[in-house]
>>> print(open('query-v2.pdb').read())   # PDB, C-alpha atoms and all ligand atoms
MODEL        1
ATOM      1  CA  MET Q   1      26.774  71.852  26.299  1.00  0.00           C
ATOM      2  CA  SER Q   2      24.025  71.688  23.692  1.00  0.00           C
ATOM      3  CA  LEU Q   3      26.637  70.855  21.049  1.00  0.00           C
ATOM      4  CA  LEU Q   4      27.789  67.957  23.189  1.00  0.00           C
ATOM      5  CA  ASP Q   5      24.173  66.926  23.594  1.00  0.00           C
ATOM      6  CA  THR Q   6      23.727  66.932  19.806  1.00  0.00           C
ATOM      7  CA  PHE Q   7      26.894  64.887  19.437  1.00  0.00           C
ATOM      8  CA  ILE Q   8      25.681  62.332  21.977  1.00  0.00           C
ATOM      9  CA  GLY Q   9      22.369  62.343  20.096  1.00  0.00           C
ATOM     10  CA  TRP Q  10      24.223  61.171  16.946  1.00  0.00           C
ATOM     11  CA  LEU Q  11      26.012  58.404  18.760  1.00  0.00           C
ATOM     12  CA  ALA Q  12      22.953  57.170  20.612  1.00  0.00           C
ATOM     13  CA  PRO Q  13      19.723  58.678  19.321  1.00  0.00           C
ATOM     14  CA  HIS Q  14      17.289  59.735  22.002  1.00  0.00           C
ATOM     15  CA  VAL Q  15      14.475  57.315  22.632  1.00  0.00           C
ATOM     16  CA  CYS Q  16      11.229  58.098  24.416  1.00  0.00           C
ATOM     17  CA  LEU Q  17      11.508  57.376  28.146  1.00  0.00           C
ATOM     18  CA  VAL Q  18       8.057  55.798  28.135  1.00  0.00           C
ATOM     19  CA  CYS Q  19       7.477  53.977  24.833  1.00  0.00           C
ATOM     20  CA  ALA Q  20      11.070  53.814  23.505  1.00  0.00           C
ATOM     21  CA  GLN Q  21      10.131  55.390  20.164  1.00  0.00           C
ATOM     22  CA  GLU Q  22      13.217  56.999  18.582  1.00  0.00           C
ATOM     23  CA  GLY Q  23      13.554  60.728  18.037  1.00  0.00           C
ATOM     24  CA  SER Q  24      13.123  62.510  21.344  1.00  0.00           C
ATOM     25  CA  LEU Q  25      13.420  61.977  25.076  1.00  0.00           C
ATOM     26  CA  LEU Q  26       9.634  62.023  25.387  1.00  0.00           C
ATOM     27  CA  CYS Q  27       7.486  61.603  22.257  1.00  0.00           C
ATOM     28  CA  SER Q  28       4.511  63.905  21.784  1.00  0.00           C
ATOM     29  CA  ALA Q  29       2.001  61.150  22.625  1.00  0.00           C
ATOM     30  CA  CYS Q  30       3.762  60.312  25.886  1.00  0.00           C
ATOM     31  CA  GLN Q  31       4.164  64.011  26.754  1.00  0.00           C
ATOM     32  CA  LYS Q  32       0.417  63.985  27.280  1.00  0.00           C
ATOM     33  CA  THR Q  33       0.822  61.339  29.976  1.00  0.00           C
ATOM     34  CA  ILE Q  34       2.664  63.693  32.365  1.00  0.00           C
ATOM     35  CA  THR Q  35       0.399  63.986  35.399  1.00  0.00           C
ATOM     36  CA  VAL Q  36      -0.750  67.594  35.642  1.00  0.00           C
ATOM     37  CA  LEU Q  37      -1.117  68.991  39.150  1.00  0.00           C
ATOM     38  CA  PRO Q  38      -4.479  70.553  39.903  1.00  0.00           C
ATOM     39  CA  SER Q  39      -4.444  74.304  40.451  1.00  0.00           C
ATOM     40  CA  THR Q  40      -3.742  75.100  44.098  1.00  0.00           C
ATOM     41  CA  CYS Q  41      -2.108  77.780  46.228  1.00  0.00           C
ATOM     42  CA  PHE Q  42       1.632  76.881  46.366  1.00  0.00           C
ATOM     43  CA  SER Q  43       1.826  77.610  50.059  1.00  0.00           C
ATOM     44  CA  CYS Q  44      -1.231  75.944  51.674  1.00  0.00           C
ATOM     45  CA  GLN Q  45      -2.357  73.756  48.731  1.00  0.00           C
ATOM     46  CA  LYS Q  46      -5.913  75.128  48.897  1.00  0.00           C
ATOM     47  CA  ALA Q  47      -7.686  74.966  45.511  1.00  0.00           C
ATOM     48  CA  THR Q  48      -7.407  78.244  43.550  1.00  0.00           C
ATOM     49  CA  THR Q  49      -7.760  79.200  39.892  1.00  0.00           C
ATOM     50  CA  ASN Q  50      -4.692  79.584  37.662  1.00  0.00           C
ATOM     51  CA  TYR Q  51      -2.331  78.401  40.431  1.00  0.00           C
ATOM     52  CA  GLN Q  52      -2.815  81.703  42.244  1.00  0.00           C
ATOM     53  CA  THR Q  53      -1.735  82.270  45.808  1.00  0.00           C
ATOM     54  CA  CYS Q  54      -4.844  82.214  48.028  1.00  0.00           C
ATOM     55  CA  PRO Q  55      -5.907  85.456  49.770  1.00  0.00           C
ATOM     56  CA  ASP Q  56      -4.685  84.202  53.183  1.00  0.00           C
ATOM     57  CA  CYS Q  57      -1.200  83.266  51.979  1.00  0.00           C
ATOM     58  CA  LYS Q  58      -0.960  86.487  49.948  1.00  0.00           C
ATOM     59  CA  LYS Q  59      -0.593  88.269  53.279  1.00  0.00           C
ATOM     60  CA  GLN Q  60       2.784  86.550  53.762  1.00  0.00           C
ATOM     61  CA  SER Q  61       3.927  86.127  50.184  1.00  0.00           C
ATOM     62  CA  GLN Q  62       4.038  88.524  47.290  1.00  0.00           C
ATOM     63  CA  LEU Q  63       4.177  85.724  44.744  1.00  0.00           C
ATOM     64  CA  LYS Q  64       1.032  86.120  42.664  1.00  0.00           C
ATOM     65  CA  ALA Q  65       0.907  82.547  41.367  1.00  0.00           C
ATOM     66  CA  VAL Q  66       3.124  79.461  41.152  1.00  0.00           C
ATOM     67  CA  TRP Q  67       2.328  77.340  38.112  1.00  0.00           C
ATOM     68  CA  ARG Q  68       3.398  73.746  38.684  1.00  0.00           C
ATOM     69  CA  VAL Q  69       3.278  71.032  36.032  1.00  0.00           C
ATOM     70  CA  ALA Q  70       3.543  67.740  37.890  1.00  0.00           C
ATOM     71  CA  PRO Q  71       4.095  66.054  41.233  1.00  0.00           C
ATOM     72  CA  TYR Q  72       7.765  65.155  41.788  1.00  0.00           C
ATOM     73  CA  SER Q  73       7.484  61.439  41.091  1.00  0.00           C
ATOM     74  CA  GLY Q  74       7.615  58.932  38.248  1.00  0.00           C
ATOM     75  CA  LEU Q  75       8.174  60.480  34.830  1.00  0.00           C
ATOM     76  CA  ALA Q  76       8.503  64.036  36.175  1.00  0.00           C
ATOM     77  CA  LYS Q  77      11.238  62.927  38.591  1.00  0.00           C
ATOM     78  CA  GLU Q  78      13.037  61.118  35.762  1.00  0.00           C
ATOM     79  CA  LEU Q  79      12.968  64.280  33.607  1.00  0.00           C
ATOM     80  CA  VAL Q  80      14.343  66.416  36.449  1.00  0.00           C
ATOM     81  CA  TRP Q  81      17.134  63.882  36.935  1.00  0.00           C
ATOM     82  CA  ARG Q  82      17.931  64.018  33.198  1.00  0.00           C
ATOM     83  CA  LEU Q  83      18.002  67.800  33.308  1.00  0.00           C
ATOM     84  CA  LYS Q  84      20.731  67.612  35.931  1.00  0.00           C
ATOM     85  CA  PHE Q  85      22.766  64.675  34.793  1.00  0.00           C
ATOM     86  CA  THR Q  86      22.264  63.395  31.263  1.00  0.00           C
ATOM     87  CA  GLY Q  87      20.526  64.590  28.116  1.00  0.00           C
ATOM     88  CA  ALA Q  88      19.949  67.982  29.715  1.00  0.00           C
ATOM     89  CA  GLN Q  89      19.101  69.861  26.522  1.00  0.00           C
ATOM     90  CA  GLN Q  90      16.489  67.286  25.489  1.00  0.00           C
ATOM     91  CA  ALA Q  91      14.967  67.234  28.971  1.00  0.00           C
ATOM     92  CA  ALA Q  92      14.877  71.042  29.070  1.00  0.00           C
ATOM     93  CA  ARG Q  93      13.033  71.117  25.743  1.00  0.00           C
ATOM     94  CA  VAL Q  94      10.428  68.586  26.892  1.00  0.00           C
ATOM     95  CA  MET Q  95       9.911  70.399  30.192  1.00  0.00           C
ATOM     96  CA  ALA Q  96       9.652  73.791  28.480  1.00  0.00           C
ATOM     97  CA  GLN Q  97       6.986  72.366  26.172  1.00  0.00           C
ATOM     98  CA  ALA Q  98       5.046  71.230  29.231  1.00  0.00           C
ATOM     99  CA  PHE Q  99       5.387  74.774  30.655  1.00  0.00           C
ATOM    100  CA  ALA Q 100       4.050  76.263  27.428  1.00  0.00           C
ATOM    101  CA  ALA Q 101       1.115  73.835  27.414  1.00  0.00           C
ATOM    102  CA  LEU Q 102       0.283  74.829  30.995  1.00  0.00           C
ATOM    103  CA  TYR Q 103       0.759  78.594  30.734  1.00  0.00           C
ATOM    104  CA  GLN Q 104       1.209  81.170  27.962  1.00  0.00           C
ATOM    105  CA  PRO Q 105       2.130  84.382  29.780  1.00  0.00           C
ATOM    106  CA  PRO Q 106       1.341  87.876  28.418  1.00  0.00           C
ATOM    107  CA  ALA Q 107       3.907  88.994  25.820  1.00  0.00           C
ATOM    108  CA  THR Q 108       5.465  91.618  28.098  1.00  0.00           C
ATOM    109  CA  THR Q 109       6.384  89.033  30.761  1.00  0.00           C
ATOM    110  CA  ILE Q 110      10.083  88.636  31.527  1.00  0.00           C
ATOM    111  CA  VAL Q 111      11.337  85.123  32.219  1.00  0.00           C
ATOM    112  CA  VAL Q 112      13.915  84.935  35.027  1.00  0.00           C
ATOM    113  CA  PRO Q 113      15.648  81.683  36.034  1.00  0.00           C
ATOM    114  CA  LEU Q 114      16.015  81.058  39.766  1.00  0.00           C
ATOM    115  CA  PRO Q 115      19.779  80.610  40.121  1.00  0.00           C
ATOM    116  CA  THR Q 116      21.026  77.268  41.410  1.00  0.00           C
ATOM    117  CA  ALA Q 117      23.656  77.130  44.173  1.00  0.00           C
ATOM    118  CA  THR Q 118      26.916  78.019  42.427  1.00  0.00           C
ATOM    119  CA  SER Q 119      28.899  75.059  43.753  1.00  0.00           C
ATOM    120  CA  ARG Q 120      26.421  72.730  42.046  1.00  0.00           C
ATOM    121  CA  VAL Q 121      26.599  74.736  38.840  1.00  0.00           C
ATOM    122  CA  ARG Q 122      30.376  74.505  38.968  1.00  0.00           C
ATOM    123  CA  GLN Q 123      30.260  70.727  39.345  1.00  0.00           C
ATOM    124  CA  ARG Q 124      27.849  70.347  36.457  1.00  0.00           C
ATOM    125  CA  GLY Q 125      29.064  73.118  34.202  1.00  0.00           C
ATOM    126  CA  TYR Q 126      25.623  74.629  33.645  1.00  0.00           C
ATOM    127  CA  ASP Q 127      22.595  75.873  35.570  1.00  0.00           C
ATOM    128  CA  GLN Q 128      19.537  73.708  34.940  1.00  0.00           C
ATOM    129  CA  ALA Q 129      17.043  76.485  35.739  1.00  0.00           C
ATOM    130  CA  ALA Q 130      18.753  78.781  33.225  1.00  0.00           C
ATOM    131  CA  LEU Q 131      18.610  76.062  30.588  1.00  0.00           C
ATOM    132  CA  LEU Q 132      14.915  75.561  31.302  1.00  0.00           C
ATOM    133  CA  ALA Q 133      14.199  79.305  31.182  1.00  0.00           C
ATOM    134  CA  ARG Q 134      16.040  79.708  27.863  1.00  0.00           C
ATOM    135  CA  ASN Q 135      14.061  76.872  26.271  1.00  0.00           C
ATOM    136  CA  TYR Q 136      10.771  78.229  27.594  1.00  0.00           C
ATOM    137  CA  SER Q 137      11.455  81.773  26.397  1.00  0.00           C
ATOM    138  CA  LYS Q 138      12.462  80.432  22.972  1.00  0.00           C
ATOM    139  CA  LEU Q 139       9.131  78.583  22.725  1.00  0.00           C
ATOM    140  CA  THR Q 140       6.987  81.466  23.944  1.00  0.00           C
ATOM    141  CA  GLY Q 141       8.922  84.353  22.380  1.00  0.00           C
ATOM    142  CA  LEU Q 142       9.324  86.016  25.788  1.00  0.00           C
ATOM    143  CA  SER Q 143      12.566  87.668  26.790  1.00  0.00           C
ATOM    144  CA  CYS Q 144      14.757  85.788  29.223  1.00  0.00           C
ATOM    145  CA  LEU Q 145      16.719  87.858  31.723  1.00  0.00           C
ATOM    146  CA  PRO Q 146      19.186  85.969  33.934  1.00  0.00           C
ATOM    147  CA  CYS Q 147      19.291  88.928  36.314  1.00  0.00           C
ATOM    148  CA  LEU Q 148      19.394  87.127  39.680  1.00  0.00           C
ATOM    149  CA  ALA Q 149      22.554  85.987  41.424  1.00  0.00           C
ATOM    150  CA  ARG Q 150      22.979  83.988  44.608  1.00  0.00           C
ATOM    151  CA  VAL Q 151      24.581  85.786  47.481  1.00  0.00           C
ATOM    152  CA  GLY Q 152      27.357  83.702  49.002  1.00  0.00           C
ATOM    153  CA  GLN Q 153      26.789  80.079  49.845  1.00  0.00           C
ATOM    154  CA  GLN Q 154      24.066  78.559  51.927  1.00  0.00           C
ATOM    155  CA  HIS Q 155      25.255  76.949  55.149  1.00  0.00           C
ATOM    156  CA  GLN Q 156      21.973  75.504  56.232  1.00  0.00           C
ATOM    157  CA  ARG Q 157      23.177  72.422  58.060  1.00  0.00           C
ATOM    158  CA  GLY Q 158      22.514  72.793  61.763  1.00  0.00           C
ATOM    159  CA  ALA Q 159      20.823  76.162  61.358  1.00  0.00           C
ATOM    160  CA  SER Q 160      17.489  76.705  63.066  1.00  0.00           C
ATOM    161  CA  ARG Q 161      14.353  77.259  61.031  1.00  0.00           C
ATOM    162  CA  GLN Q 162      14.483  80.960  61.840  1.00  0.00           C
ATOM    163  CA  GLN Q 163      18.172  81.202  60.835  1.00  0.00           C
ATOM    164  CA  ARG Q 164      17.452  79.377  57.603  1.00  0.00           C
ATOM    165  CA  LEU Q 165      14.643  81.797  56.772  1.00  0.00           C
ATOM    166  CA  GLU Q 166      16.914  84.758  57.459  1.00  0.00           C
ATOM    167  CA  GLN Q 167      19.681  83.300  55.286  1.00  0.00           C
ATOM    168  CA  LEU Q 168      17.126  82.745  52.551  1.00  0.00           C
ATOM    169  CA  GLN Q 169      15.940  86.348  52.733  1.00  0.00           C
ATOM    170  CA  ARG Q 170      19.447  87.418  51.739  1.00  0.00           C
ATOM    171  CA  ALA Q 171      20.013  84.576  49.282  1.00  0.00           C
ATOM    172  CA  TYR Q 172      19.487  86.551  46.065  1.00  0.00           C
ATOM    173  CA  ARG Q 173      20.419  89.881  44.565  1.00  0.00           C
ATOM    174  CA  VAL Q 174      19.702  91.550  41.234  1.00  0.00           C
ATOM    175  CA  LYS Q 175      22.879  91.906  39.166  1.00  0.00           C
ATOM    176  CA  ARG Q 176      23.869  95.528  38.844  1.00  0.00           C
ATOM    177  CA  ARG Q 177      23.379  96.039  35.111  1.00  0.00           C
ATOM    178  CA  PHE Q 178      19.745  94.913  35.092  1.00  0.00           C
ATOM    179  CA  SER Q 179      16.766  97.204  35.572  1.00  0.00           C
ATOM    180  CA  LEU Q 180      13.443  95.707  36.597  1.00  0.00           C
ATOM    181  CA  ALA Q 181      11.402  98.885  36.965  1.00  0.00           C
ATOM    182  CA  GLY Q 182       7.785  98.113  36.104  1.00  0.00           C
ATOM    183  CA  ALA Q 183       8.540  94.543  35.029  1.00  0.00           C
ATOM    184  CA  SER Q 184       6.145  91.644  35.223  1.00  0.00           C
ATOM    185  CA  VAL Q 185       8.358  88.667  36.041  1.00  0.00           C
ATOM    186  CA  LEU Q 186       7.897  84.927  35.742  1.00  0.00           C
ATOM    187  CA  LEU Q 187      10.492  82.987  37.766  1.00  0.00           C
ATOM    188  CA  VAL Q 188      11.504  79.581  36.386  1.00  0.00           C
ATOM    189  CA  ASP Q 189      12.788  76.574  38.337  1.00  0.00           C
ATOM    190  CA  ASP Q 190      12.785  72.796  38.002  1.00  0.00           C
ATOM    191  CA  VAL Q 191      11.586  71.652  41.441  1.00  0.00           C
ATOM    192  CA  THR Q 192       9.989  73.366  44.412  1.00  0.00           C
ATOM    193  CA  THR Q 193       9.246  72.080  47.884  1.00  0.00           C
ATOM    194  CA  THR Q 194       7.939  74.793  50.224  1.00  0.00           C
ATOM    195  CA  GLY Q 195       8.396  77.606  47.718  1.00  0.00           C
ATOM    196  CA  ALA Q 196      10.620  79.472  50.197  1.00  0.00           C
ATOM    197  CA  SER Q 197      13.366  80.120  47.605  1.00  0.00           C
ATOM    198  CA  LEU Q 198      10.843  81.416  45.067  1.00  0.00           C
ATOM    199  CA  ARG Q 199       9.358  83.629  47.740  1.00  0.00           C
ATOM    200  CA  ALA Q 200      12.759  85.091  48.645  1.00  0.00           C
ATOM    201  CA  ALA Q 201      13.584  85.688  44.974  1.00  0.00           C
ATOM    202  CA  ALA Q 202      10.198  87.362  44.433  1.00  0.00           C
ATOM    203  CA  ASP Q 203      10.843  89.735  47.337  1.00  0.00           C
ATOM    204  CA  THR Q 204      14.235  90.617  45.837  1.00  0.00           C
ATOM    205  CA  LEU Q 205      12.720  91.294  42.402  1.00  0.00           C
ATOM    206  CA  LEU Q 206       9.918  93.429  43.844  1.00  0.00           C
ATOM    207  CA  ARG Q 207      12.419  95.464  45.886  1.00  0.00           C
ATOM    208  CA  ALA Q 208      14.296  96.018  42.605  1.00  0.00           C
ATOM    209  CA  GLY Q 209      11.202  97.566  41.038  1.00  0.00           C
ATOM    210  CA  ALA Q 210       9.274  94.665  39.500  1.00  0.00           C
ATOM    211  CA  THR Q 211       5.537  95.270  39.784  1.00  0.00           C
ATOM    212  CA  GLN Q 212       4.450  91.657  39.822  1.00  0.00           C
ATOM    213  CA  VAL Q 213       6.127  88.265  40.231  1.00  0.00           C
ATOM    214  CA  SER Q 214       4.776  84.789  39.503  1.00  0.00           C
ATOM    215  CA  ALA Q 215       6.659  81.532  39.008  1.00  0.00           C
ATOM    216  CA  ILE Q 216       6.516  78.404  36.898  1.00  0.00           C
ATOM    217  CA  VAL Q 217       8.074  75.209  38.218  1.00  0.00           C
ATOM    218  CA  PHE Q 218       8.168  71.775  36.658  1.00  0.00           C
ATOM    219  CA  ALA Q 219       7.702  69.577  39.715  1.00  0.00           C
ATOM    220  CA  GLN Q 220       6.216  69.972  43.166  1.00  0.00           C
ATOM    221  CA  ALA Q 221       8.037  67.817  45.716  1.00  0.00           C
TER     222      ALA Q 221
HETATM  223 ZN    ZN L 301       6.587  57.784  23.827  1.00  0.00          ZN
HETATM  224 ZN    ZN L 302      -2.744  79.491  50.511  1.00  0.00          ZN
ENDMDL
END
>>> encode(input="query-v2.pdb", output="structure tokens", more="lines below")
Ligand SMILES: [Zn+2]
Ligand SMILES: [Zn+2]
Amino acid sequence: MSLLDTFIGWLAPHVCLVCAQEGSLLCSACQKTITVLPSTCFSCQKATTNYQTCPDCKKQSQLKAVWRVAPYSGLAKELVWRLKFTGAQQAARVMAQAFAALYQPPATTIVVPLPTATSRVRQRGYDQAALLARNYSKLTGLSCLPCLARVGQQHQRGASRQQRLEQLQRAYRVKRRFSLAGASVLLVDDVTTTGASLRAAADTLLRAGATQVSAIVFAQA
């Protein structure tokens, strides 16, 4: 995939999405124009420090914090689209740089991509969250552990809210060969809406022995 990306890069060099300067998908000057979301609780949007979950929401969610770079609109939306459809490697690099500018986790943190629905991965040939996590761990020097798998397929159409929540609770499992005992985990994804998937994944990781789980997401829809 990245080889293909490089090849396409030769044929048509990447130009900055904003100012059209040649060289990368988003030049370093324009990277600074990505709107940064203020620090809030991911669940109720109350102001908190370091994107931490507020004390009230902590009663229902074990996610310690959800770092979010930008609102899902404009340039951020364009980058997410690129990550899924064209110039994925370049988009992943730009987004990972934005992650690193927002948050430098402690060196012992383990980066875990939130797996995308497998049918979508099959269509596309790669998992965008995994690509994002790999780029971020390369930049920060953290280890990346793709230890989560999706359980079955989600059949959410027509399901009630309660049924959807129950399906989500069983949506992830830790692959057998991975041990998470004592781990401090940072989940990585491209877009979040309610944070329900992150929450379900965090529960799974904690049940598997992780001591603490936070997340970093590029865009908040
Ligand atoms: Zn530019
Ligand atoms: Zn809250």
>>> resolve_selection(input="query-v2.pdb", expression="the PyMOL selection byres (((chain Q and resi 220) around 9) and not hetatm)", output="list of chain:residue names")
Q:Leu37, Q:Phe42, Q:Arg68, Q:Val69, Q:Ala70, Q:Pro71, Q:Tyr72, Q:Ser73, Q:Asp190, Q:Val191, Q:Thr192, Q:Thr193, Q:Thr194, Q:Val217, Q:Phe218, Q:Ala219, Q:Ala221
>>> residues_near_ligand(input="query-v2.pdb", ligand="ligand ZN 302 (chain L)", cutoff="10 Å", atoms="all atoms listed in the file", output="JSON, numbers by chain")
{"Q": [40, 41, 42, 43, 44, 45, 46, 47, 48, 52, 53, 54, 55, 56, 57, 58, 59, 60, 61]}
>>> atom_distance(input="query-v2.pdb", atom1="CA of Leu102 (chain Q)", atom2="CA of Arg207 (chain Q)")
28.2 Å
>>> closest_residue(input="query-v2.pdb", among="Q:Ala107, Q:Ala101, Q:Val112, Q:Ile34", to="Ala76 (chain Q)", atoms="all atoms listed in the file")
Q:Ile34
>>> atom_distance(input="query-v2.pdb", atom1="CA of Val94 (chain Q)", atom2="CA of Leu205 (chain Q)")
27.6 Å
>>> residues_near_ligand(input="query-v2.pdb", ligand="ligand ZN 301 (chain L)", cutoff="12 Å", atoms="only C-alpha atoms and all ligand atoms", output="tab-separated table (two decimals) with C-alpha atoms, keeping the file's coordinate frame")
chain	number	residue	atom	x	y	z
Q	14	HIS	CA	17.29	59.74	22.00
Q	15	VAL	CA	14.48	57.32	22.63
Q	16	CYS	CA	11.23	58.10	24.42
Q	17	LEU	CA	11.51	57.38	28.15
Q	18	VAL	CA	8.06	55.80	28.14
Q	19	CYS	CA	7.48	53.98	24.83
Q	20	ALA	CA	11.07	53.81	23.50
Q	21	GLN	CA	10.13	55.39	20.16
Q	22	GLU	CA	13.22	57.00	18.58
Q	23	GLY	CA	13.55	60.73	18.04
Q	24	SER	CA	13.12	62.51	21.34
Q	25	LEU	CA	13.42	61.98	25.08
Q	26	LEU	CA	9.63	62.02	25.39
Q	27	CYS	CA	7.49	61.60	22.26
Q	28	SER	CA	4.51	63.90	21.78
Q	29	ALA	CA	2.00	61.15	22.62
Q	30	CYS	CA	3.76	60.31	25.89
Q	31	GLN	CA	4.16	64.01	26.75
Q	32	LYS	CA	0.42	63.98	27.28
Q	33	THR	CA	0.82	61.34	29.98
Q	34	ILE	CA	2.66	63.69	32.36
Q	75	LEU	CA	8.17	60.48	34.83
Q	94	VAL	CA	10.43	68.59	26.89
>>> resolve_selection(input="query-v2.pdb", expression="the PyMOL selection byres (((chain Q and resi 132) around 12) and not hetatm)", output="PyMOL selection string")
chain Q and resi 79-80+83-84+88-100+111-116+126-131+133-139+144+146+187-191+216-218
>>> atom_distance(input="query-v2.pdb", atom1="CA of Ala208 (chain Q)", atom2="CA of Ala65 (chain Q)")
19.0 Å
>>> closest_residue(input="query-v2.pdb", among="Q:Gln104, Q:Lys64, Q:Ala117, Q:Gln163", to="Arg199 (chain Q)", atoms="all atoms listed in the file")
Q:Lys64
>>> closest_residue(input="query-v2.pdb", among="Q:Gln169, Q:Val36, Q:Trp81, Q:Pro106", to="Gly141 (chain Q)", atoms="all atoms listed in the file")
Q:Pro106
>>> closest_residue(input="query-v2.pdb", among="Q:Leu168, Q:Thr140, Q:Asp203, Q:Arg150", to="Ser119 (chain Q)", atoms="all atoms listed in the file")
Q:Arg150
>>> residues_around(input="query-v2.pdb", residues="Val174 (chain Q)", least_positions_apart="4", cutoff="9 Å", atoms="all atoms listed in the file", output="short mmCIF file (atom, residue, chain, number, x, y, z; two decimals) with C-alpha atoms, keeping the file's coordinate frame")
data_model
loop_
_atom_site.label_atom_id
_atom_site.label_comp_id
_atom_site.auth_asym_id
_atom_site.auth_seq_id
_atom_site.Cartn_x
_atom_site.Cartn_y
_atom_site.Cartn_z
CA CYS Q 147 19.29 88.93 36.31
CA LEU Q 148 19.39 87.13 39.68
CA ALA Q 149 22.55 85.99 41.42
CA ARG Q 150 22.98 83.99 44.61
CA PHE Q 178 19.74 94.91 35.09
CA SER Q 179 16.77 97.20 35.57
CA LEU Q 180 13.44 95.71 36.60
CA THR Q 204 14.24 90.62 45.84
CA LEU Q 205 12.72 91.29 42.40
CA ALA Q 208 14.30 96.02 42.60
#
>>> residues_around(input="query-v2.pdb", residues="Leu186 (chain Q)", least_positions_apart="4", cutoff="6 Å", atoms="all atoms listed in the file", output="MDAnalysis selection string")
chainID Q and resid 111 213:215
>>> closest_residue(input="query-v2.pdb", among="Q:Ala181, Q:Val66, Q:Thr108, Q:Gly87", to="Leu142 (chain Q)", atoms="all atoms listed in the file")
Q:Thr108
>>> axis_aligned_box(input="query-v2.pdb", around="region 41-44 of chain Q", padding_each_side="8 Å", output="AutoDock Vina command-line options")
--center_x -0.1 --center_y 76.9 --center_z 49.0 --size_x 19.9 --size_y 17.8 --size_z 21.4
>>> decode(input="query-v2.pdb", residues="region 38-75 of chain Q", atoms="C-alpha atoms", output="mmCIF file, in the first residue's frame")
data_model
loop_
_atom_site.group_PDB
_atom_site.id
_atom_site.type_symbol
_atom_site.label_atom_id
_atom_site.label_comp_id
_atom_site.auth_asym_id
_atom_site.auth_seq_id
_atom_site.Cartn_x
_atom_site.Cartn_y
_atom_site.Cartn_z
ATOM 1 C CA PRO Q 38 -10.596 22.656 23.193
ATOM 2 C CA SER Q 39 -10.055 20.132 25.969
ATOM 3 C CA THR Q 40 -13.371 18.639 27.063
ATOM 4 C CA CYS Q 41 -14.786 15.411 28.467
ATOM 5 C CA PHE Q 42 -15.504 13.164 25.424
ATOM 6 C CA SER Q 43 -18.840 12.090 26.814
ATOM 7 C CA CYS Q 44 -20.585 15.268 28.072
ATOM 8 C CA GLN Q 45 -18.299 17.895 26.464
ATOM 9 C CA LYS Q 46 -17.753 19.659 29.802
ATOM 10 C CA ALA Q 47 -14.410 21.515 29.928
ATOM 11 C CA THR Q 48 -11.630 19.425 31.531
ATOM 12 C CA THR Q 49 -7.835 19.523 31.445
ATOM 13 C CA ASN Q 50 -5.868 17.243 29.107
ATOM 14 C CA TYR Q 51 -9.056 15.893 27.479
ATOM 15 C CA GLN Q 52 -9.805 13.893 30.621
ATOM 16 C CA THR Q 53 -13.141 12.274 31.282
ATOM 17 C CA CYS Q 54 -15.001 14.374 33.876
ATOM 18 C CA PRO Q 55 -15.648 12.857 37.334
ATOM 19 C CA ASP Q 56 -19.371 12.329 36.575
ATOM 20 C CA CYS Q 57 -18.795 10.464 33.310
ATOM 21 C CA LYS Q 58 -15.961 8.448 34.879
ATOM 22 C CA LYS Q 59 -18.666 6.607 36.801
ATOM 23 C CA GLN Q 60 -19.914 5.122 33.511
ATOM 24 C CA SER Q 61 -16.720 4.979 31.495
ATOM 25 C CA GLN Q 62 -13.285 3.699 32.331
ATOM 26 C CA LEU Q 63 -11.664 5.724 29.571
ATOM 27 C CA LYS Q 64 -9.288 8.088 31.342
ATOM 28 C CA ALA Q 65 -9.055 10.657 28.547
ATOM 29 C CA VAL Q 66 -9.925 11.015 24.859
ATOM 30 C CA TRP Q 67 -7.556 13.363 23.056
ATOM 31 C CA ARG Q 68 -9.219 14.817 19.972
ATOM 32 C CA VAL Q 69 -7.450 16.992 17.413
ATOM 33 C CA ALA Q 70 -10.184 18.696 15.417
ATOM 34 C CA PRO Q 71 -13.904 18.960 14.771
ATOM 35 C CA TYR Q 72 -15.013 16.714 11.889
ATOM 36 C CA SER Q 73 -15.380 19.418 9.257
ATOM 37 C CA GLY Q 74 -13.391 21.295 6.629
ATOM 38 C CA LEU Q 75 -9.738 20.295 6.431
#
